[in-house]
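Notes follow the structure.
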Amino acid sequence: VTGPPTALAISTQPTQSTAGATISAVQVQAQDAFGHLETTYFGQVTVALGTNPGSDTLGGTLMQRAVGGVATFNDLVLTKAATGVTLTFSTTGGVSPITTSAFNITAAAPNKLVVAPPWMMTTKPANQLLDPVTVQVADAYGNPTAAYSGSVTVSLNNLGTGKPVSKGAPSAPKSASSNGATRAVPAIPASRIAPYARDGRAQVSTAHAVKAST
């Protein structure tokens, strides 16, 4: 015999998931004062983020009706990579909320390149390399990912021609057209133009605006 629900309990905990992927189904039980499943409970249970180190927004169906005292959440999604995330479940009737064990969200597959931190061009003498640019490989949600190892190519983006920077050894300055004018493009060593990304990060030096590609 079961009495009125007085507590919630997590019967199935969430497990590690990937950004943008559905988190494994989490089940919450309504229990009586003796810890028995309250099979006659069909009330609504709501979920929200508890510990939220990634400042994420929880996606999916955030309110489920219990069936036989069990509410199942099987379409929850997070998009920010983070360690130590928790979910908190609550219901009505003065029942105390319950929080899951901590779990992690990892970055998804490499999807794009991000200049991190944002790079600003500074004035330099002719033929001198500009400040290094750090290019980070990220997933579709902007999470840095160490899953990529490969070359990163840098080209000029605001000089009108779209012509890639020369990958040859340092030589005399090249030139490119920009709005009818001609600007000198400093010679740049090959080692600084097409570096090999390790752990998803590559550092390059270039001139003017940056356009990076893999």
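Every chain in the structure tokens takes a letter, A first, then B, and so on in the order presented; its residues are numbered from 1, and the ligands are numbered from 1 following the presented order.
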
For segment 9-26 of chain A, work out the shell of residues within 10 Å, counting only C-alpha atoms and skipping chain neighbours fewer than 3 positions away, then give it as a PyMOL selection string. chain A and resi 29-31+35+37+59-60+70-89+97-109+139-143

Could you please determine the separation between atom CA of Leu49 of chain A and atom CA of Thr145 of chain A in Å, to one decimal place? 23.5 Å

Fewer than 2 positions away in the same chain doesn't count, so skip those; otherwise give me all residues within 7 Å of Gly43 of chain A, counting only C-alpha atoms, as a PyMOL selection string. chain A and resi 41+45+65-66
